[in-house]
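All remarks here apply to the structure that follows.
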Amino acid sequence: MDYTKAIQRVWSDHPEEINSNPESGGLLIQARIVALAQVAANSCLGDLIEIGAWRGWTTAPLGLVAARFGRKLIVADPWLRDDVYQDFLSSIHHVKSVISIYKMRSQDENFIGLIRTLSPCFVFVDGEHSYEAVRRDLETVQHCNGLIAVDDYSWDAGIRKAVDEFVLEYDRRLLYSGVHRECYIQ
């Protein structure tokens, strides 16, 4: 499926917030991610994956998408602070039954091995913000048969480099508005 029109519609319906709080990610990016996860889940089979969940503000609505479509949401984050992990658990309590939680870095070989056995329909990459980590995350999910969303593409040169190289190497299509902080790969 070509996601171009769906992405353009979502960008139009949920424009980028000016001066959004980078710590919270802003509410509109969450709405864009969830809307496109629904499009992907509606167009192809497979579970959803979230790499980097922090306090679960995107995890909870992605869990609702997974539940609606009878899928699982696989989440990886090392949660280095217990208070943040407790906030995460509180955020997802109503959808915990559809979420598989992996309290580890996404570059952990056990997590990589698990992900490579799945055929995800949607992946949200918002984990460790380094070139190496994003590149490895993208290679781990390169078999996604739907849509890959990558946060902070517009804000971080290492993320941009990792995404741009991945798109060229794997002959994928990059969708980026030039305004929004995230990009999408199909």
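Just remember, in the structure tokens the first chain shown is A, the second B, etc., residues are 1-based per chain, and ligands are 1-based in the order shown.
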
Each segment 103-145 of chain A residue no farther than 8 Å from segment 26-45 of chain A, nearest pair in Å, only C-alpha atoms, as JSON lines:
{"residue": "A:Ser119", "atom": "CA", "partner": "A:Leu45", "partner_atom": "CA", "distance": 7.7}
{"residue": "A:Pro120", "atom": "CA", "partner": "A:Leu45", "partner_atom": "CA", "distance": 7.4}
{"residue": "A:Cys121", "atom": "CA", "partner": "A:Ala40", "partner_atom": "CA", "distance": 5.8}
{"residue": "A:Phe122", "atom": "CA", "partner": "A:Ala37", "partner_atom": "CA", "distance": 5.9}
{"residue": "A:Phe124", "atom": "CA", "partner": "A:Ile33", "partner_atom": "CA", "distance": 7.8}
{"residue": "A:Asn145", "atom": "CA", "partner": "A:Cys44", "partner_atom": "CA", "distance": 7.3}

Prev. selection, all heavy atoms, output as a short mmCIF file (atom, residue, chain, number, x, y, z; two decimals), in the first residue's frame:
data_model
loop_
_atom_site.label_atom_id
_atom_site.label_comp_id
_atom_site.auth_asym_id
_atom_site.auth_seq_id
_atom_site.Cartn_x
_atom_site.Cartn_y
_atom_site.Cartn_z
N SER A 119 6.29 -10.20 11.84
CA SER A 119 6.02 -9.42 10.62
C SER A 119 5.18 -8.21 11.03
O SER A 119 3.96 -8.23 10.93
CB SER A 119 5.25 -10.26 9.60
OG SER A 119 6.02 -11.33 9.15
N PRO A 120 5.83 -7.16 11.52
CA PRO A 120 5.06 -6.03 12.04
C PRO A 120 4.36 -5.24 10.93
O PRO A 120 4.86 -5.13 9.81
CB PRO A 120 6.12 -5.17 12.73
CG PRO A 120 7.41 -5.54 12.08
CD PRO A 120 7.27 -6.98 11.66
N CYS A 121 3.20 -4.67 11.28
CA CYS A 121 2.50 -3.78 10.36
C CYS A 121 2.85 -2.33 10.62
O CYS A 121 2.69 -1.48 9.74
CB CYS A 121 0.99 -3.99 10.45
SG CYS A 121 0.26 -3.41 12.01
N PHE A 122 3.32 -2.03 11.84
CA PHE A 122 3.66 -0.66 12.20
C PHE A 122 4.76 -0.67 13.25
O PHE A 122 4.71 -1.46 14.19
CB PHE A 122 2.44 0.08 12.76
CG PHE A 122 2.71 1.53 13.07
CD1 PHE A 122 2.67 2.48 12.07
CD2 PHE A 122 3.01 1.93 14.36
CE1 PHE A 122 2.93 3.82 12.34
CE2 PHE A 122 3.27 3.27 14.65
CZ PHE A 122 3.22 4.21 13.64
N PHE A 124 7.16 2.15 15.61
CA PHE A 124 7.48 3.51 16.02
C PHE A 124 8.84 3.49 16.70
O PHE A 124 9.00 2.87 17.75
CB PHE A 124 6.41 4.05 16.96
CG PHE A 124 6.65 5.47 17.42
CD1 PHE A 124 7.18 6.44 16.59
CD2 PHE A 124 6.31 5.85 18.71
CE1 PHE A 124 7.39 7.74 17.00
CE2 PHE A 124 6.51 7.16 19.16
CZ PHE A 124 7.04 8.10 18.29
N ASN A 145 6.14 -4.88 7.11
CA ASN A 145 5.37 -4.91 5.87
C ASN A 145 4.38 -3.75 5.78
O ASN A 145 3.56 -3.71 4.87
CB ASN A 145 4.65 -6.25 5.72
CG ASN A 145 3.73 -6.56 6.88
OD1 ASN A 145 3.39 -5.70 7.68
ND2 ASN A 145 3.32 -7.81 6.99
#

Quiz prompt | Contacts of Ile101 of chain A at 8 Å (only C-alpha atoms; same-chain gap of 2+ positions) as a ChimeraX atom specification | solution = /A:74-76,99,103

Quiz item: Do you have the atom CA of Arg160 of chain A-atom CA of Tyr131 of chain A distance handy?
Solution: 8.1 Å

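Residues surrounding Lys5 of chain A within 12 Å are Met1, Arg9, Val10, Trp11, Ser12, Leu36, Val39 and Leu175 of chain A [only C-alpha atoms; sequence separation below 4 positions excluded].
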
Go ahead and save the residues from that selection, with all heavy atoms, as a CSV table (one decimal), in the first residue's frame.
chain,number,residue,atom,x,y,z
A,1,MET,N,0.8,-1.2,0.0
A,1,MET,CA,0.0,0.0,0.0
A,1,MET,C,0.9,1.2,0.0
A,1,MET,O,1.9,1.3,0.7
A,1,MET,CB,-0.9,0.0,1.2
A,1,MET,CG,-1.6,1.3,1.4
A,1,MET,SD,-2.7,1.3,2.9
A,1,MET,CE,-3.3,3.0,2.8
A,9,ARG,N,-2.8,13.5,4.8
A,9,ARG,CA,-4.0,13.9,5.5
A,9,ARG,C,-3.8,14.0,7.0
A,9,ARG,O,-4.3,14.9,7.6
A,9,ARG,CB,-5.1,12.8,5.2
A,9,ARG,CG,-6.5,13.1,5.8
A,9,ARG,CD,-7.5,12.1,5.4
A,9,ARG,NE,-7.2,10.8,6.0
A,9,ARG,CZ,-6.8,9.7,5.3
A,9,ARG,NH1,-6.7,9.7,4.0
A,9,ARG,NH2,-6.5,8.6,6.0
A,10,VAL,N,-3.0,13.1,7.5
A,10,VAL,CA,-2.8,13.1,9.0
A,10,VAL,C,-1.9,14.4,9.3
A,10,VAL,O,-2.2,15.0,10.3
A,10,VAL,CB,-2.1,11.8,9.5
A,10,VAL,CG1,-1.5,12.0,10.9
A,10,VAL,CG2,-3.1,10.7,9.4
A,11,TRP,N,-0.9,14.7,8.5
A,11,TRP,CA,-0.2,15.9,8.7
A,11,TRP,C,-1.0,17.2,8.7
A,11,TRP,O,-0.9,18.1,9.5
A,11,TRP,CB,0.9,16.0,7.7
A,11,TRP,CG,2.2,15.3,8.0
A,11,TRP,CD1,2.6,14.9,9.2
A,11,TRP,CD2,3.1,14.8,7.0
A,11,TRP,NE1,3.8,14.2,9.1
A,11,TRP,CE2,4.2,14.1,7.8
A,11,TRP,CE3,3.2,14.9,5.6
A,11,TRP,CZ2,5.3,13.5,7.1
A,11,TRP,CZ3,4.3,14.3,5.0
A,11,TRP,CH2,5.4,13.6,5.8
A,12,SER,N,-2.0,17.2,7.8
A,12,SER,CA,-2.9,18.3,7.7
A,12,SER,C,-3.9,18.4,8.9
A,12,SER,O,-4.1,19.5,9.4
A,12,SER,CB,-3.7,18.2,6.4
A,12,SER,OG,-4.7,19.2,6.3
A,36,LEU,N,-1.8,6.9,12.0
A,36,LEU,CA,-1.1,6.1,11.0
A,36,LEU,C,-1.0,4.7,11.4
A,36,LEU,O,-0.9,3.8,10.5
A,36,LEU,CB,0.2,6.8,10.6
A,36,LEU,CG,-0.1,8.1,9.8
A,36,LEU,CD1,1.2,8.9,9.7
A,36,LEU,CD2,-0.7,7.9,8.4
A,39,VAL,N,-4.1,3.1,10.2
A,39,VAL,CA,-4.1,2.9,8.8
A,39,VAL,C,-3.3,1.7,8.4
A,39,VAL,O,-3.7,0.8,7.6
A,39,VAL,CB,-3.5,4.2,8.0
A,39,VAL,CG1,-3.3,3.9,6.6
A,39,VAL,CG2,-4.5,5.4,8.2
A,175,LEU,N,9.1,9.5,3.7
A,175,LEU,CA,8.0,10.6,3.7
A,175,LEU,C,8.3,11.5,4.8
A,175,LEU,O,8.2,11.1,6.0
A,175,LEU,CB,6.6,9.9,3.8
A,175,LEU,CG,6.3,9.0,2.6
A,175,LEU,CD1,5.2,8.0,3.0
A,175,LEU,CD2,5.9,9.8,1.4

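Of the residues listed (A:Trp57, A:Val65, A:Val163, A:Arg116), A:Trp57 shows the shortest atom-to-atom separation from Ser90 of chain A; distances use only C-alpha atoms.
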
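Residue nearest Ile159 of chain A, chosen from A:Arg81, A:His94, A:His14, A:Arg136 and counting only C-alpha atoms: A:Arg136.
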
Practice problem: Give me every strand (DSSP E) residue in segment 17-176 of chain A, going by DSSP on the backbone, as a PyMOL selection string. | Solution: chain A and resi 48-51+73-76+99-102+122-125+147-150+174-175

Preceding selection exported with N, CA, C and O atoms as a PDB file, in the first residue's frame:
ATOM      1  N   LEU A  48       2.244  -4.505  16.245  1.00  0.00           N
ATOM      2  CA  LEU A  48       2.833  -3.174  16.319  1.00  0.00           C
ATOM      3  C   LEU A  48       4.037  -3.244  17.249  1.00  0.00           C
ATOM      4  O   LEU A  48       4.051  -4.026  18.209  1.00  0.00           O
ATOM      5  N   ILE A  49       5.037  -2.416  16.958  1.00  0.00           N
ATOM      6  CA  ILE A  49       6.254  -2.372  17.765  1.00  0.00           C
ATOM      7  C   ILE A  49       6.540  -0.925  18.129  1.00  0.00           C
ATOM      8  O   ILE A  49       6.462  -0.038  17.274  1.00  0.00           O
ATOM      9  N   GLU A  50       6.891  -0.712  19.395  1.00  0.00           N
ATOM     10  CA  GLU A  50       7.324   0.611  19.839  1.00  0.00           C
ATOM     11  C   GLU A  50       8.699   0.462  20.476  1.00  0.00           C
ATOM     12  O   GLU A  50       8.867  -0.266  21.450  1.00  0.00           O
ATOM     13  N   ILE A  51       9.660   1.161  19.919  1.00  0.00           N
ATOM     14  CA  ILE A  51      11.024   1.159  20.443  1.00  0.00           C
ATOM     15  C   ILE A  51      11.237   2.492  21.142  1.00  0.00           C
ATOM     16  O   ILE A  51      11.290   3.539  20.499  1.00  0.00           O
ATOM     17  N   LEU A  73       1.070  -5.303  20.915  1.00  0.00           N
ATOM     18  CA  LEU A  73       2.038  -4.205  20.852  1.00  0.00           C
ATOM     19  C   LEU A  73       3.267  -4.660  21.623  1.00  0.00           C
ATOM     20  O   LEU A  73       3.176  -4.979  22.810  1.00  0.00           O
ATOM     21  N   ILE A  74       4.387  -4.723  20.933  1.00  0.00           N
ATOM     22  CA  ILE A  74       5.646  -5.128  21.547  1.00  0.00           C
ATOM     23  C   ILE A  74       6.436  -3.861  21.845  1.00  0.00           C
ATOM     24  O   ILE A  74       6.657  -3.044  20.948  1.00  0.00           O
ATOM     25  N   VAL A  75       6.844  -3.693  23.092  1.00  0.00           N
ATOM     26  CA  VAL A  75       7.482  -2.458  23.539  1.00  0.00           C
ATOM     27  C   VAL A  75       8.830  -2.775  24.174  1.00  0.00           C
ATOM     28  O   VAL A  75       8.924  -3.655  25.028  1.00  0.00           O
ATOM     29  N   ALA A  76       9.856  -2.011  23.757  1.00  0.00           N
ATOM     30  CA  ALA A  76      11.183  -2.133  24.371  1.00  0.00           C
ATOM     31  C   ALA A  76      11.645  -0.774  24.866  1.00  0.00           C
ATOM     32  O   ALA A  76      11.556   0.225  24.155  1.00  0.00           O
ATOM     33  N   ILE A  99      -0.127  -5.775  25.487  1.00  0.00           N
ATOM     34  CA  ILE A  99       1.240  -5.255  25.401  1.00  0.00           C
ATOM     35  C   ILE A  99       2.238  -6.260  25.956  1.00  0.00           C
ATOM     36  O   ILE A  99       2.068  -6.773  27.062  1.00  0.00           O
ATOM     37  N   SER A 100       3.266  -6.534  25.176  1.00  0.00           N
ATOM     38  CA  SER A 100       4.403  -7.340  25.633  1.00  0.00           C
ATOM     39  C   SER A 100       5.534  -6.369  25.940  1.00  0.00           C
ATOM     40  O   SER A 100       6.012  -5.672  25.041  1.00  0.00           O
ATOM     41  N   ILE A 101       5.951  -6.324  27.190  1.00  0.00           N
ATOM     42  CA  ILE A 101       6.942  -5.359  27.655  1.00  0.00           C
ATOM     43  C   ILE A 101       8.309  -6.022  27.759  1.00  0.00           C
ATOM     44  O   ILE A 101       8.451  -7.076  28.385  1.00  0.00           O
ATOM     45  N   TYR A 102       9.310  -5.374  27.164  1.00  0.00           N
ATOM     46  CA  TYR A 102      10.694  -5.832  27.244  1.00  0.00           C
ATOM     47  C   TYR A 102      11.518  -4.705  27.854  1.00  0.00           C
ATOM     48  O   TYR A 102      11.793  -3.705  27.195  1.00  0.00           O
ATOM     49  N   PHE A 122       3.324  -2.032  11.839  1.00  0.00           N
ATOM     50  CA  PHE A 122       3.661  -0.656  12.195  1.00  0.00           C
ATOM     51  C   PHE A 122       4.757  -0.670  13.247  1.00  0.00           C
ATOM     52  O   PHE A 122       4.710  -1.462  14.191  1.00  0.00           O
ATOM     53  N   VAL A 123       5.729   0.206  13.069  1.00  0.00           N
ATOM     54  CA  VAL A 123       6.825   0.346  14.027  1.00  0.00           C
ATOM     55  C   VAL A 123       7.017   1.830  14.321  1.00  0.00           C
ATOM     56  O   VAL A 123       7.036   2.655  13.409  1.00  0.00           O
ATOM     57  N   PHE A 124       7.162   2.147  15.608  1.00  0.00           N
ATOM     58  CA  PHE A 124       7.478   3.511  16.018  1.00  0.00           C
ATOM     59  C   PHE A 124       8.836   3.487  16.700  1.00  0.00           C
ATOM     60  O   PHE A 124       9.000   2.868  17.752  1.00  0.00           O
ATOM     61  N   VAL A 125       9.819   4.144  16.086  1.00  0.00           N
ATOM     62  CA  VAL A 125      11.181   4.197  16.613  1.00  0.00           C
ATOM     63  C   VAL A 125      11.370   5.544  17.305  1.00  0.00           C
ATOM     64  O   VAL A 125      11.368   6.596  16.660  1.00  0.00           O
ATOM     65  N   LEU A 147       4.344   0.321   7.862  1.00  0.00           N
ATOM     66  CA  LEU A 147       4.905   1.657   7.981  1.00  0.00           C
ATOM     67  C   LEU A 147       5.819   1.749   9.192  1.00  0.00           C
ATOM     68  O   LEU A 147       5.503   1.221  10.259  1.00  0.00           O
ATOM     69  N   ILE A 148       6.952   2.420   9.014  1.00  0.00           N
ATOM     70  CA  ILE A 148       7.887   2.690  10.105  1.00  0.00           C
ATOM     71  C   ILE A 148       7.877   4.195  10.353  1.00  0.00           C
ATOM     72  O   ILE A 148       8.097   4.979   9.429  1.00  0.00           O
ATOM     73  N   ALA A 149       7.612   4.599  11.587  1.00  0.00           N
ATOM     74  CA  ALA A 149       7.661   6.009  11.982  1.00  0.00           C
ATOM     75  C   ALA A 149       8.921   6.222  12.820  1.00  0.00           C
ATOM     76  O   ALA A 149       9.248   5.384  13.667  1.00  0.00           O
ATOM     77  N   VAL A 150       9.621   7.314  12.563  1.00  0.00           N
ATOM     78  CA  VAL A 150      10.834   7.632  13.319  1.00  0.00           C
ATOM     79  C   VAL A 150      10.686   9.045  13.868  1.00  0.00           C
ATOM     80  O   VAL A 150      10.548  10.003  13.107  1.00  0.00           O
ATOM     81  N   LEU A 174      11.047   7.440   1.786  1.00  0.00           N
ATOM     82  CA  LEU A 174      11.003   8.341   2.924  1.00  0.00           C
ATOM     83  C   LEU A 174       9.905   9.370   2.699  1.00  0.00           C
ATOM     84  O   LEU A 174       9.833   9.989   1.637  1.00  0.00           O
ATOM     85  N   LEU A 175       9.051   9.550   3.703  1.00  0.00           N
ATOM     86  CA  LEU A 175       8.012  10.569   3.669  1.00  0.00           C
ATOM     87  C   LEU A 175       8.266  11.526   4.828  1.00  0.00           C
ATOM     88  O   LEU A 175       8.195  11.138   5.999  1.00  0.00           O
TER      89      LEU A 175
END

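You will find atom CA of Cys144 of chain A at 16.5 Å from atom CA of Leu62 of chain A.
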
Self-check item: Test item, alpha helix (DSSP H) assignment across chain A, answer as a PyMOL selection string
Solution: chain A and resi 4-13+27-43+59-68+82-92+109-115+131-140+157-169

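Counting only C-alpha atoms, the residue from A:Gly113, A:Gly146, A:Pro15, A:Gly52 that sits nearest to Pro78 of chain A is A:Gly52.
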